[in-house]
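Student: Before anything else, here's the structure in question.
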Amino acid sequence: MELVVSLAIGVLAGSGVWLLLRPRTFQVTIGLALLSYAVNLFIFSTGGLRIGADAILGRGEVGTLAAFTDPVPQALVLTAIVIGFATTALLLVVLLAARGLTGTDHVDGRERER
Amino acid sequence: MSEAALLLILVCLPFAGAVAAGLLPTHARNAAAALAGVVALTALLLVWAAYPTVSTGGVLRADFAWMPSLGLNFTLRMDGFAWLFAGLVTGIGALVVLYARYYMAEDDPVPRFFAFLLAFMGAMTGVVISGNLVQLAFFWELTSLFSFMLIGYWHHTTAARDGARMALTVTATGGLALFAGVLVLGHIVGSYELDAVLAAGDRIRQHPLYLPALVLILLGALTKSAQFPFHFWLPNAMAAPTPVSAYLHSATLVKAGVFLLARLWPVMAGTEAWFLIVGTAGLVTMLLGAYVAIFQNDLKGVLAYSTISHLGLITLLLGLNSELALVAAVFHILNHAAFKASLFMAAGIIDHETGTRDIRRLSGLNRSMPFTARLALVAAAAMAGVPLLNGFISKEMFFAEALSAEAPLGLLNVLPFAAMLGSAFSVAYSLRFIHGAFFGPDPVDLPHTPHEPDTWMRFPVEILVLTCIGVGVLPAATVGPFLNLAMRSVLGDNVPYYSLSVWHGLNLPLLMSMVALAGGVALYLVLQRRFRSEIEGEPLLRRFEGKRIFERAMVFLSWRLARRLEGIASTRRLQPQLRLIIVVAFLAGGLAVWARGPGPGNLPPSAVDPVLALIWTVGGACALGAATLAKFHRLAALILTGGAGLAVCITFVWFSAPDLALTQLTVEVVTTVLLLLGLRWLPKRIQVPGDGGPEVLTHARRTRDLALAVGAGGGLAALSYAVMTRTPPELLAQDFLARAYMEGGGTNVVNVTLVDFRGFDTLGEIFVVAAVALATYALLRRFRPAPDSLEPPMQQQDQVSAEAAEPAPTTAGPVADWLLIPFTLTRLIFPVMVLVAAFLLLRGHDLPGGGFSAGMVVAIAVILQYMIGGTAWTEDRLSWLRPRIWIGMGLLLAAGTGLAALGFGRPFLTSYFGYLELPVIGQVPTASAFLFDIGVFALVVGATLLMLVALAHQSVRGRRATSRALVSSARAERTRVTAGSD
């Protein structure tokens, strides 16, 4: 299982990094989205991969790590998902505005000189 | 009133007044002036109330512990010297407020002016009554800041902006040097308290660090007091409104420098270094300023350079290392404040009533404004040092000191001559000011017809001129006690004998005065021809203009040097920067592994489940496909990204994280919609089949990036594998699990963590989301699409032409029923989705759900209506939906819940919980954290909708410009369809 998830993280991160280095703004946006999937999965995985562990306490129960999943990475990732959405939105709008302003969708606001 | 309260109010009152004035409406001139006047007069009364204590040699104190462990306290301390300056600051402040009420035009934003003026007064009061040197440096910088605001008050003019910036750069830099000097001084003494410092004179002067401390402190004082070579900022600060010049450049800002020199005189002066630096700076400044002043054509320019010159005189006196010279310096500070403030005001009156300050255009105003002319004449005579006026007496003391001062160098022999020369220059420029403006033939071509100003505008000048005469005729009876008081608190029992009287007999200083007067008159007569010529500026020294050097330095520092450094060390291109970040991150990870070794994993990997492996085969393929297609096939790339996101979502479910899966799923939907909306504004890019392939260089670049991507991906995969095969450390998790229900009142630990344990983080996060949403909104309001994206997409054009071909379809044909079934379905599903959202929100504390996912669900429900129903249709029905109000309410609710805890005496964001029995629904958890979660919910709804709707509206706007018909016809269609389906 660990192998599958880590390979998944690797593929997502690799695709994301490749797109980050591309010259078109839309590529960078998609790249950031993929990279954030990878990073979220990675943070999540630091709590250990638990199949079928309880996520919800019983009334009046004192939870232990033996029986429950680790809530800290989950809380971190939940925050990261929402913030990731906000930054993606901002990036999109900035790139649209830049495209309207400069007439190009190159990340530097002008085409590379050849 | 206790001493401490008096001092505290004295400092705080002007700042409070500044805030109040700043809140007034933009054109409330009278209200602002009245407020400022009341504040200034109250402050003056407070100063006067301190007189009984101070006059008996007492010192008022107020101590407030701030950081006692670092020796930093908020200490206010008022002895006779501080009292005298506090009186000067508040007294002249009150007069300037009255004057400014009449000077400022009605259409200026006057409340802002008075707000800055009062804040400046507070800062200046803080400087003079600070009992702690660090605190003094703080107030010192505040005076720089507020003088910047005041000088730049008319910020629509270049001169004001440049002058303000220059003043700030010079004085604030000096202030930093002063701060450093104060720290050194505090290190020498072992305390920053002024009392301790003043008691440690010998230790300071003999300490090896004396010279650095002295140089740093002098840098602060000399820049502030506009001493050579830092004098150039003052004339440029004349772009300020004249009341500001009258206040800042006569009585307050520039006097802060000499105030500090006099304050520290007992402990820092008396050395050769002091004499050389302070004395030389003063001497050069006095002569230079006076010389340049003669050739100014602007009335305020004359006064500005004359101020520089008089400050030089004061500095020179302070540098002479003699107690009598110190007395003369302090006396001259007072005299100069009186006559210079009144002269600035007179110049302002002339400017106000004639429309110009150019001496070459003005003449003969004596006839149209006789009373002002008399007042200015007396004040200028005081400046020139004519007998029976205050300037004369301090000048006599200066001459006496110049003759008798003792100091090591032969330089002293020239001092009497320099003093006479400076004095003669001073007579010449005073004559120029008076004769040029008020005498001669009637003026021609003035912008306004000159006349006397409003009586109350002249009133402050009258008070000041009366002071000049009073002090000049009866010095011992008027200013004597106060001066004595101030000197006693600086020098203690070492106050030398001095006599304040007009007539000291026929002695050498009187003779020097006569020579200087005659010389000045002669100089003025000789220079007449030059004044009438068109030549600007003074002879000989024009090339050494400090301003030009300053500007060149600024251009070099902030432009050329910065550009050069950028060229060497940086780039403006994004890709190399990102590449660098990735390489560094890779190296950092790699180095750590290389240095410490990965070590063996202690957990055996669990068996691979073929289902998840299959899911990730698809997910990985989606990610790779998105990476390949993002350039030419954006829509496909977007869909594939969504596929990868779904794989992530399933993984969360698989490994027991329902909350994450829920949030991921909803966010995924919203993100996709958002990006879909953006696609429309991107340029067409079509892959040409059979293209010759990329060039060699491009090919090489891609290979390098591919290597980087493979390296980064592989590295991260290895890292996560290493992490997952080790026992996770038990840090906070155990604690959170144990306390989630017992203390947080919720069984969903993740949600309790978000809204309770780490509530402060979440609060910060929702503020970020709100800021991002507003930024998005603001950016889109000014959005201008690229020209080639302007026309509507092909499908919409087809529809328009179809409708044009059949203008009034009689039956529901294919065009009218466009998307009818999805349209009906989405309308049906809307209330269901809202119900789901409410369900998620309510159970969030105990079961998977919560504010984030509930908010996203509502946003999706609304955006679905937008997508299928169209903007116009949806907004007709959901007009109550105001995203910005949701954002505001959400933030207020979340922050308010946190603040409510303070009301119960608990720390910020402490939560309370219990269970509430509701009919039908049953037991509902009612933690206060639930209210917080509702705040999060409202914010997420508002922020998401704001972004999506703003982006969606761009298409409407674009359409409006090109084909208005489409919107209205679509709306007509919809209405008809709705009516039919109801």
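Letters A, B, ... mark the chains of the structure tokens in the order given; residue numbers begin at 1 per chain; ligand numbers begin at 1, in order shown.
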Neighbouring residues of segment 22-38 of chain A were defined as those with any atom within 6 Å, considering only C-alpha atoms; residues of the same chain fewer than 5 positions away were excluded. Please report them as number ranges by chain.

Tutor: A: 9, 12-13, 16, 105-107; B: 630

Student: Hey, what's within 12 Å of Ala66 of chain A if we count only C-alpha atoms and toss same-chain stuff fewer than 2 positions away? As a PyMOL selection string, please?

Tutor: (chain A and resi 48+50+53-55+62-64+68-70) or (chain B and resi 727-728+730+733-734+737-738)

Student: Next, dump the selected residues to file, keeping only N, CA, C and O atoms, as a PDB file, in the first residue's frame.

Tutor:
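Output (again33.pdb):
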ATOM      1  N   GLY A  48       0.517   8.114   8.876  1.00  0.00           N
ATOM      2  CA  GLY A  48       0.422   6.670   8.726  1.00  0.00           C
ATOM      3  C   GLY A  48      -0.835   6.294   7.963  1.00  0.00           C
ATOM      4  O   GLY A  48      -1.853   6.969   8.072  1.00  0.00           O
ATOM      5  N   ARG A  50      -3.921   4.097   7.514  1.00  0.00           N
ATOM      6  CA  ARG A  50      -4.708   3.192   8.351  1.00  0.00           C
ATOM      7  C   ARG A  50      -5.984   2.840   7.615  1.00  0.00           C
ATOM      8  O   ARG A  50      -6.760   3.730   7.263  1.00  0.00           O
ATOM      9  N   ALA A  53      -9.624   2.312  10.281  1.00  0.00           N
ATOM     10  CA  ALA A  53      -9.549   2.853  11.636  1.00  0.00           C
ATOM     11  C   ALA A  53     -10.717   3.814  11.859  1.00  0.00           C
ATOM     12  O   ALA A  53     -11.244   4.394  10.914  1.00  0.00           O
ATOM     13  N   ASP A  54     -11.107   3.960  13.119  1.00  0.00           N
ATOM     14  CA  ASP A  54     -12.213   4.866  13.395  1.00  0.00           C
ATOM     15  C   ASP A  54     -11.765   6.307  13.258  1.00  0.00           C
ATOM     16  O   ASP A  54     -10.644   6.663  13.628  1.00  0.00           O
ATOM     17  N   ALA A  55     -12.655   7.133  12.734  1.00  0.00           N
ATOM     18  CA  ALA A  55     -12.351   8.553  12.638  1.00  0.00           C
ATOM     19  C   ALA A  55     -13.166   9.333  13.656  1.00  0.00           C
ATOM     20  O   ALA A  55     -12.862  10.483  13.953  1.00  0.00           O
ATOM     21  N   VAL A  62     -12.358   8.594  25.400  1.00  0.00           N
ATOM     22  CA  VAL A  62     -11.025   9.162  25.296  1.00  0.00           C
ATOM     23  C   VAL A  62     -10.286   8.366  24.233  1.00  0.00           C
ATOM     24  O   VAL A  62     -10.053   7.172  24.404  1.00  0.00           O
ATOM     25  N   GLY A  63      -9.980   9.035  23.113  1.00  0.00           N
ATOM     26  CA  GLY A  63      -9.412   8.304  21.994  1.00  0.00           C
ATOM     27  C   GLY A  63      -7.928   8.015  22.194  1.00  0.00           C
ATOM     28  O   GLY A  63      -7.223   8.734  22.904  1.00  0.00           O
ATOM     29  N   THR A  64      -7.443   6.943  21.554  1.00  0.00           N
ATOM     30  CA  THR A  64      -6.007   6.666  21.555  1.00  0.00           C
ATOM     31  C   THR A  64      -5.573   6.451  20.127  1.00  0.00           C
ATOM     32  O   THR A  64      -6.386   6.119  19.258  1.00  0.00           O
ATOM     33  N   PHE A  68      -7.575   4.971  16.625  1.00  0.00           N
ATOM     34  CA  PHE A  68      -8.087   6.051  15.778  1.00  0.00           C
ATOM     35  C   PHE A  68      -7.035   6.551  14.801  1.00  0.00           C
ATOM     36  O   PHE A  68      -5.831   6.369  15.020  1.00  0.00           O
ATOM     37  N   THR A  69      -7.502   7.220  13.765  1.00  0.00           N
ATOM     38  CA  THR A  69      -6.541   7.821  12.842  1.00  0.00           C
ATOM     39  C   THR A  69      -5.967   9.093  13.466  1.00  0.00           C
ATOM     40  O   THR A  69      -6.555   9.676  14.377  1.00  0.00           O
ATOM     41  N   ASP A  70      -4.827   9.497  12.927  1.00  0.00           N
ATOM     42  CA  ASP A  70      -4.156  10.682  13.453  1.00  0.00           C
ATOM     43  C   ASP A  70      -4.882  11.931  12.947  1.00  0.00           C
ATOM     44  O   ASP A  70      -4.909  12.185  11.736  1.00  0.00           O
TER      45      ASP A  70
ATOM     46  N   THR B 727       7.430   4.461  12.181  1.00  0.00           N
ATOM     47  CA  THR B 727       6.359   4.750  13.125  1.00  0.00           C
ATOM     48  C   THR B 727       6.184   6.244  13.232  1.00  0.00           C
ATOM     49  O   THR B 727       7.148   6.962  13.479  1.00  0.00           O
ATOM     50  N   PRO B 728       4.963   6.734  13.022  1.00  0.00           N
ATOM     51  CA  PRO B 728       4.789   8.180  13.145  1.00  0.00           C
ATOM     52  C   PRO B 728       4.992   8.619  14.584  1.00  0.00           C
ATOM     53  O   PRO B 728       4.616   7.897  15.516  1.00  0.00           O
ATOM     54  N   GLU B 730       4.442  10.349  18.070  1.00  0.00           N
ATOM     55  CA  GLU B 730       3.225  10.747  18.773  1.00  0.00           C
ATOM     56  C   GLU B 730       3.427  12.149  19.321  1.00  0.00           C
ATOM     57  O   GLU B 730       4.069  12.343  20.341  1.00  0.00           O
ATOM     58  N   ALA B 733      -1.187  14.438  18.407  1.00  0.00           N
ATOM     59  CA  ALA B 733      -2.354  13.645  18.071  1.00  0.00           C
ATOM     60  C   ALA B 733      -2.969  12.994  19.297  1.00  0.00           C
ATOM     61  O   ALA B 733      -4.185  13.060  19.518  1.00  0.00           O
ATOM     62  N   GLN B 734      -2.114  12.386  20.133  1.00  0.00           N
ATOM     63  CA  GLN B 734      -2.610  11.688  21.307  1.00  0.00           C
ATOM     64  C   GLN B 734      -3.424  12.630  22.189  1.00  0.00           C
ATOM     65  O   GLN B 734      -4.507  12.318  22.655  1.00  0.00           O
ATOM     66  N   LEU B 737      -6.788  13.556  20.557  1.00  0.00           N
ATOM     67  CA  LEU B 737      -7.748  12.458  20.618  1.00  0.00           C
ATOM     68  C   LEU B 737      -8.321  12.328  22.024  1.00  0.00           C
ATOM     69  O   LEU B 737      -9.510  12.097  22.218  1.00  0.00           O
ATOM     70  N   ALA B 738      -7.457  12.498  23.011  1.00  0.00           N
ATOM     71  CA  ALA B 738      -7.910  12.310  24.387  1.00  0.00           C
ATOM     72  C   ALA B 738      -8.857  13.425  24.821  1.00  0.00           C
ATOM     73  O   ALA B 738      -9.780  13.209  25.605  1.00  0.00           O
TER      74      ALA B 738
END

Student: With only C-alpha atoms as the basis for distance, which of B:His352, B:Lys395, B:His27, B:Arg532 is at the shortest distance from Asn335 of chain B?

Tutor: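 For Asn335 of chain B, the nearest of the given residues is B:Lys395.
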
Student: Counting only C-alpha atoms, what is within 6 Å of segment 91-100 of chain A, bar same-chain residues fewer than 3 positions away, as a ChimeraX atom specification?

Tutor: /A:87-88,103-105 /B:783-786

Student: Determine which residues of segment 44-92 of chain A receive a DSSP assignment of alpha helix (DSSP H), computed from the backbone, and state them as a CSV table (one decimal) with N, CA and C atoms, in the first residue's frame.

Tutor:
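So the final result, stored in out13.csv, reads:
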chain,number,residue,atom,x,y,z
A,44,PHE,N,-0.8,14.1,4.5
A,44,PHE,CA,-1.7,13.1,5.0
A,44,PHE,C,-1.0,11.8,5.4
A,45,SER,N,-0.1,11.4,4.5
A,45,SER,CA,0.5,10.1,4.8
A,45,SER,C,1.5,10.1,6.0
A,71,PRO,N,-5.5,12.7,13.8
A,71,PRO,CA,-6.3,13.9,13.3
A,71,PRO,C,-5.5,15.1,12.9
A,72,VAL,N,-4.2,15.1,13.4
A,72,VAL,CA,-3.5,16.4,13.1
A,72,VAL,C,-3.1,16.6,11.6
A,73,PRO,N,-2.5,15.6,10.9
A,73,PRO,CA,-2.3,15.8,9.5
A,73,PRO,C,-3.6,16.0,8.8
A,74,GLN,N,-4.7,15.4,9.2
A,74,GLN,CA,-5.9,15.6,8.5
A,74,GLN,C,-6.4,17.0,8.6
A,75,ALA,N,-6.3,17.6,9.8
A,75,ALA,CA,-6.7,19.0,10.0
A,75,ALA,C,-5.8,19.9,9.2
A,76,LEU,N,-4.5,19.6,9.1
A,76,LEU,CA,-3.6,20.4,8.3
A,76,LEU,C,-4.0,20.3,6.9
A,77,VAL,N,-4.3,19.1,6.4
A,77,VAL,CA,-4.6,19.0,5.0
A,77,VAL,C,-5.9,19.6,4.6
A,78,LEU,N,-6.9,19.5,5.5
A,78,LEU,CA,-8.2,20.2,5.3
A,78,LEU,C,-8.0,21.7,5.1
A,79,THR,N,-7.2,22.3,6.0
A,79,THR,CA,-6.9,23.7,5.8
A,79,THR,C,-6.2,23.9,4.5
A,80,ALA,N,-5.2,23.0,4.1
A,80,ALA,CA,-4.4,23.2,2.9
A,80,ALA,C,-5.3,23.1,1.7
A,81,ILE,N,-6.3,22.3,1.7
A,81,ILE,CA,-7.2,22.1,0.5
A,81,ILE,C,-7.9,23.5,0.3
A,82,VAL,N,-8.4,24.1,1.4
A,82,VAL,CA,-9.2,25.3,1.2
A,82,VAL,C,-8.3,26.4,0.8
A,83,ILE,N,-7.1,26.5,1.4
A,83,ILE,CA,-6.2,27.6,1.0
A,83,ILE,C,-5.7,27.4,-0.4
A,84,GLY,N,-5.5,26.1,-0.8
A,84,GLY,CA,-5.1,25.8,-2.1
A,84,GLY,C,-6.2,26.3,-3.1
A,85,PHE,N,-7.4,26.1,-2.8
A,85,PHE,CA,-8.5,26.6,-3.7
A,85,PHE,C,-8.4,28.1,-3.8
A,86,ALA,N,-8.2,28.8,-2.7
A,86,ALA,CA,-8.2,30.2,-2.7
A,86,ALA,C,-7.0,30.7,-3.6
A,87,THR,N,-5.8,30.1,-3.4
A,87,THR,CA,-4.7,30.6,-4.2
A,87,THR,C,-4.9,30.2,-5.7
A,88,THR,N,-5.5,29.1,-6.0
A,88,THR,CA,-5.7,28.8,-7.4
A,88,THR,C,-6.6,29.8,-8.0
A,89,ALA,N,-7.7,30.2,-7.3
A,89,ALA,CA,-8.6,31.2,-7.8
A,89,ALA,C,-7.8,32.5,-8.0
A,90,LEU,N,-7.0,32.9,-7.0
A,90,LEU,CA,-6.3,34.2,-7.2
A,90,LEU,C,-5.3,34.1,-8.4
A,91,LEU,N,-4.6,33.0,-8.5
A,91,LEU,CA,-3.7,32.8,-9.6
A,91,LEU,C,-4.4,32.9,-10.9
A,92,LEU,N,-5.6,32.3,-11.0
A,92,LEU,CA,-6.3,32.3,-12.3
A,92,LEU,C,-6.7,33.7,-12.6

Student: Which residues are near Thr143 of chain B? Cut-off 6 Å, only C-alpha atoms, ignore same chain within fewer than 3 positions. Put them as a ChimeraX atom specification.

Tutor: /B:120,123,140,146-147

Student: Using only C-alpha atoms, determine which residues lie at most 7 Å from Ile56 of chain A, disregarding the query and same-chain residues fewer than 5 positions distant; provide the list as number ranges by chain.

Tutor: B: 747-749, 847
